[in-house]
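Visitor: Structure provided below as structure tokens; questions to follow.
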Amino acid sequence: MAKHIESIDILKGVTILLVVIGHAVQGVVSSQHLTINTEYNSIFILKQIIYGFHMPLFFIIAGLFVASWSKRNFKEAISQKISRLVIPYFVWSAITATAMQIASNYTNSGLGIKDFLLSPIIPFSQYWFLYVLFFIHIIYYLAVNIKMINGKLLFFILGIILYVLNPFIEHIWILENLCRYIIFFSIGTYVFDFIDLKQYQCKKILIPIIVFLLVNSLYIKFLYMNNALLEYYFWFITSISGSLLCLSLSYYIVNKLKKIRNLLGFLGRKSMEIYCTHLLILAGIRIFLLKMLKINELWSVVILSGFITILLCYIIFNKIDYEKTRLKWLFGIK
């Protein structure tokens with residue numbers, strides 16, 4: 001079981017690493033208006049590949065351990081998710097909105113205090129994940145606690161239907177994100193029904209690598225075709241191939257790459273903290289590199305901003321003593 005938990009920590013570490021890198025790439029893509037047809041289109045392509053699976057993987061991970069939570073009484077279950085998701089959502093939305101308002105002349109999004117005031121009904125910035133995840137948990141809880149039917153299967157079927165119909169229905173509130181991500185959360189609830197870690201062999205890492213490369217080679221061709229509907233449905237395949245690669249990689253690292261498993265395990269255990277804070281750090285570094293140092297080599301900006309952000313997050317959260325500073329509530333930690 002300890003090995004199993006360590007593998008999941010590493011999986012979360014890989015995923016949060018992808019989030020930081022993805023935002024480093026996205027920041028440059030947005031600020032420099034990069035597309036598939038501009039100079040530095042390689043940065044745009046990297047962004048598309050990362051965004052092709054990293055958030056679905058987050059939802060899959062969220063679904064891994066939901067079974068025991070869904071067995072709690074409703075009041076206790078909701079209270080736990082308010083503490084874990086809702087409070088950090090509003091706290092960090094407020095902090096980020098204030099920072100963006102102050103630095104509005106330099107940021108890409110133009111978000112600020114007025115957007116935070118709308119955050120109860122319109123998800124704010126990167127924290128949309130916490131917002132949407134809360135409501136997916138509620139839907140799952142209600143589904144599996146309907147005693148007359150197989151609620152878990154019902155939830156899975158609902159996810160399939162919503163994903164297929166998503167391009168053809170009117171999007172109100174968070175419906176588009178529910179349509180996109182319920183299926184991945186549902187897949188997460190089934191993962192341990194099919195994976196026996198005791199029988200896992202590290203040599204299988206080659207198969208998901210090859211599949212991932214083949215899938216994304218095809219995905220890049222689709223990007224040049226500029227067909228939104230084709231890209232959307234193929235995005236499900238990129239999401240699954242990327243998630244399988246990361247899942248296999250996490251098990252491989254536990255057994256074969258011991259020198260980096262401690263680092264990734266630490267990042268995984270601190271994934272919520274890094275998720276909440278990294279965007280402010282990353283944006284500040286990117287602005288400094290582009291505006292202050294006037295660095296024109298965009299790959300240098302991507303690499304430096306991503307690396308420095310990860311390094312600072314590691315240093316900060318390796319030093320903080322939650323018990324002494326009483327900061328655990330900021331990140332939904334008991």
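In the structure tokens, each chain is lettered A, B, ... as it comes, each chain's residues begin at 1, and ligands are numbered from 1 in order of appearance.
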Neighbouring residues of Gly151 in chain A were defined as those with any atom within 12 Å, considering only C-alpha atoms; residues of the same chain fewer than 3 positions away were excluded. Please report them as a PyMOL selection string.
Guide: chain A and resi 67+70+139-148+154-158+186+189
Visitor: Contacts between range 243-250 of chain A and range 38-121 of chain A, please, where a residue of range 38-121 of chain A counts if it comes within 9 Å (with only C-alpha atoms); show its shortest atom pair and distance in Å to one decimal, rows by chain and ascending number, as CSV.
Guide:
residue,atom,partner,partner_atom,distance
A:Phe53,CA,A:Ser243,CA,6.5
A:His54,CA,A:Ser243,CA,7.5
A:Pro56,CA,A:Ser243,CA,7.7
A:Leu57,CA,A:Ser243,CA,5.4
A:Ile60,CA,A:Ser243,CA,8.3
Visitor: Skipping near chain neighbours, those fewer than 5 positions away, what residues fall within 10 Å of range 228-239 of chain A using only C-alpha atoms, listed as a VMD selection string?
Guide: chain A and resid 48 to 57 163 to 164 166 to 167 180 183 to 184 211 to 216 218 to 220 222 to 223 244 to 245
Visitor: Produce a file of the selected residues containing C-alpha atoms, as a PDB file, in the first residue's frame.
Guide:
ATOM      1  CA  GLN A  48      -1.465  22.522 -27.139  1.00  0.00           C
ATOM      2  CA  ILE A  49       0.122  19.164 -26.299  1.00  0.00           C
ATOM      3  CA  ILE A  50       0.265  19.907 -22.563  1.00  0.00           C
ATOM      4  CA  TYR A  51      -3.254  21.320 -22.553  1.00  0.00           C
ATOM      5  CA  GLY A  52      -4.284  18.218 -24.478  1.00  0.00           C
ATOM      6  CA  PHE A  53      -4.224  16.137 -21.290  1.00  0.00           C
ATOM      7  CA  HIS A  54      -2.986  17.827 -18.106  1.00  0.00           C
ATOM      8  CA  MET A  55      -6.356  19.035 -16.766  1.00  0.00           C
ATOM      9  CA  PRO A  56      -8.208  15.805 -17.631  1.00  0.00           C
ATOM     10  CA  LEU A  57      -5.461  14.038 -15.683  1.00  0.00           C
ATOM     11  CA  TYR A 163     -18.962  15.019 -23.609  1.00  0.00           C
ATOM     12  CA  VAL A 164     -20.474  13.951 -26.928  1.00  0.00           C
ATOM     13  CA  ASN A 166     -20.989  19.444 -25.600  1.00  0.00           C
ATOM     14  CA  PRO A 167     -20.286  21.109 -28.990  1.00  0.00           C
ATOM     15  CA  ARG A 180     -15.798  18.236 -20.686  1.00  0.00           C
ATOM     16  CA  ILE A 183     -16.139  11.782 -17.917  1.00  0.00           C
ATOM     17  CA  PHE A 184     -12.522  12.050 -16.729  1.00  0.00           C
ATOM     18  CA  VAL A 211       1.193   5.681 -28.142  1.00  0.00           C
ATOM     19  CA  PHE A 212       1.576   9.232 -26.785  1.00  0.00           C
ATOM     20  CA  LEU A 213       4.020  10.200 -29.555  1.00  0.00           C
ATOM     21  CA  LEU A 214       1.847   8.730 -32.299  1.00  0.00           C
ATOM     22  CA  VAL A 215      -1.339  10.340 -30.977  1.00  0.00           C
ATOM     23  CA  ASN A 216       0.242  13.773 -30.662  1.00  0.00           C
ATOM     24  CA  LEU A 218      -1.614  13.169 -35.480  1.00  0.00           C
ATOM     25  CA  TYR A 219      -2.934  15.892 -33.175  1.00  0.00           C
ATOM     26  CA  ILE A 220      -0.391  18.397 -34.518  1.00  0.00           C
ATOM     27  CA  PHE A 222      -5.177  18.367 -36.893  1.00  0.00           C
ATOM     28  CA  LEU A 223      -4.057  21.715 -35.455  1.00  0.00           C
ATOM     29  CA  LEU A 244      -1.823   6.719 -19.277  1.00  0.00           C
ATOM     30  CA  LEU A 245       1.721   7.902 -19.952  1.00  0.00           C
TER      31      LEU A 245
END
Visitor: Might you pull out every residue within 12 Å of Thr277 in chain A, with only C-alpha atoms counted and same-chain residues fewer than 2 positions away left off, and present them as an NGL selection string?
Guide: :A and (16 or 19-20 or 88-89 or 91-93 or 95-96 or 99 or 126-127 or 270-275 or 279-284 or 309-310 or 312-314 or 316-317 or 330-331)
Visitor: Enumerate, as a ChimeraX atom specification, the complete set of residues in range 111-294 of chain A that a backbone-based DSSP assignment places in helix (DSSP H, G or I).
Guide: /A:113-117,125-144,151-168,175-194,197-199,202-225,228-256,258-269,271-292
Visitor: Please provide the set of residues having any atom within 10 Å of Ile253 in chain A, restricted to only C-alpha atoms, with same-chain residues fewer than 3 positions apart removed, written as an MDAnalysis selection string.
Guide: chainID A and resid 6:7 10:11 202 248:250 256:262 264
Visitor: Could you take the residues named above and write them with C-alpha atoms, as a PDB file, in the first residue's frame?
Guide:
ATOM      1  CA  GLU A   6       4.042   6.883  -3.263  1.00  0.00           C
ATOM      2  CA  SER A   7       3.124   6.252  -6.893  1.00  0.00           C
ATOM      3  CA  ILE A  10       4.584  11.050  -7.893  1.00  0.00           C
ATOM      4  CA  LEU A  11       1.663  11.102 -10.337  1.00  0.00           C
ATOM      5  CA  CYS A 202       8.161  -1.186 -15.489  1.00  0.00           C
ATOM      6  CA  SER A 248       2.845   4.531 -16.127  1.00  0.00           C
ATOM      7  CA  LEU A 249       5.671   7.007 -15.618  1.00  0.00           C
ATOM      8  CA  SER A 250       4.798   7.437 -11.939  1.00  0.00           C
ATOM      9  CA  LYS A 256      13.740   2.824 -11.501  1.00  0.00           C
ATOM     10  CA  LEU A 257      14.370   6.537 -10.979  1.00  0.00           C
ATOM     11  CA  LYS A 258      14.895   6.830  -7.251  1.00  0.00           C
ATOM     12  CA  LYS A 259      16.945  10.024  -7.516  1.00  0.00           C
ATOM     13  CA  ILE A 260      13.976  12.061  -8.726  1.00  0.00           C
ATOM     14  CA  ARG A 261      11.111  10.242  -7.021  1.00  0.00           C
ATOM     15  CA  ASN A 262      11.622  12.164  -3.775  1.00  0.00           C
ATOM     16  CA  LEU A 264       8.288  14.510  -7.550  1.00  0.00           C
TER      17      LEU A 264
END
Visitor: Have a look at CA of Leu165 in chain A and CA of Gly188 in chain A and let me know their distance in Å, one decimal.
Guide: 21.1 Å
Visitor: Could you tell me how far CA of Cys179 in chain A sits from CA of Gly159 in chain A, in Å to one decimal place?
Guide: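 It comes out at 6.8 Å.
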Visitor: Please provide as JSON, numbers by chain all residues within 12 Å of Leu290 in chain A, with the sequence filter that same-chain residues fewer than 5 positions apart are discarded (counting only C-alpha atoms).
Guide: {"A": [27, 28, 31, 32, 106, 107, 283, 284, 285, 295, 296, 297, 298, 299, 300, 301, 302, 304, 305]}
Visitor: I want to know what sits within 12 Å of Ile138 in chain A, based on only C-alpha atoms, with residues of the same chain fewer than 5 positions away left out; could you give that as number ranges by chain?
Guide: A: 66, 69-70, 74-75, 77-82, 85, 131-133, 143-145, 155, 178, 182
Visitor: With distances taken over only C-alpha atoms, which of A:Tyr40, A:Tyr251, A:Asp193, A:Lys47 is nearest to Lys12 in chain A?
Guide: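 Under the stated criterion, the closest residue is A:Tyr251.
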Visitor: Could you please determine the separation between CA of Ala97 in chain A and CA of Ile121 in chain A in Å, to one decimal place?
Guide: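 Separating CA of Ala97 in chain A from CA of Ile121 in chain A is a distance of 15.3 Å.
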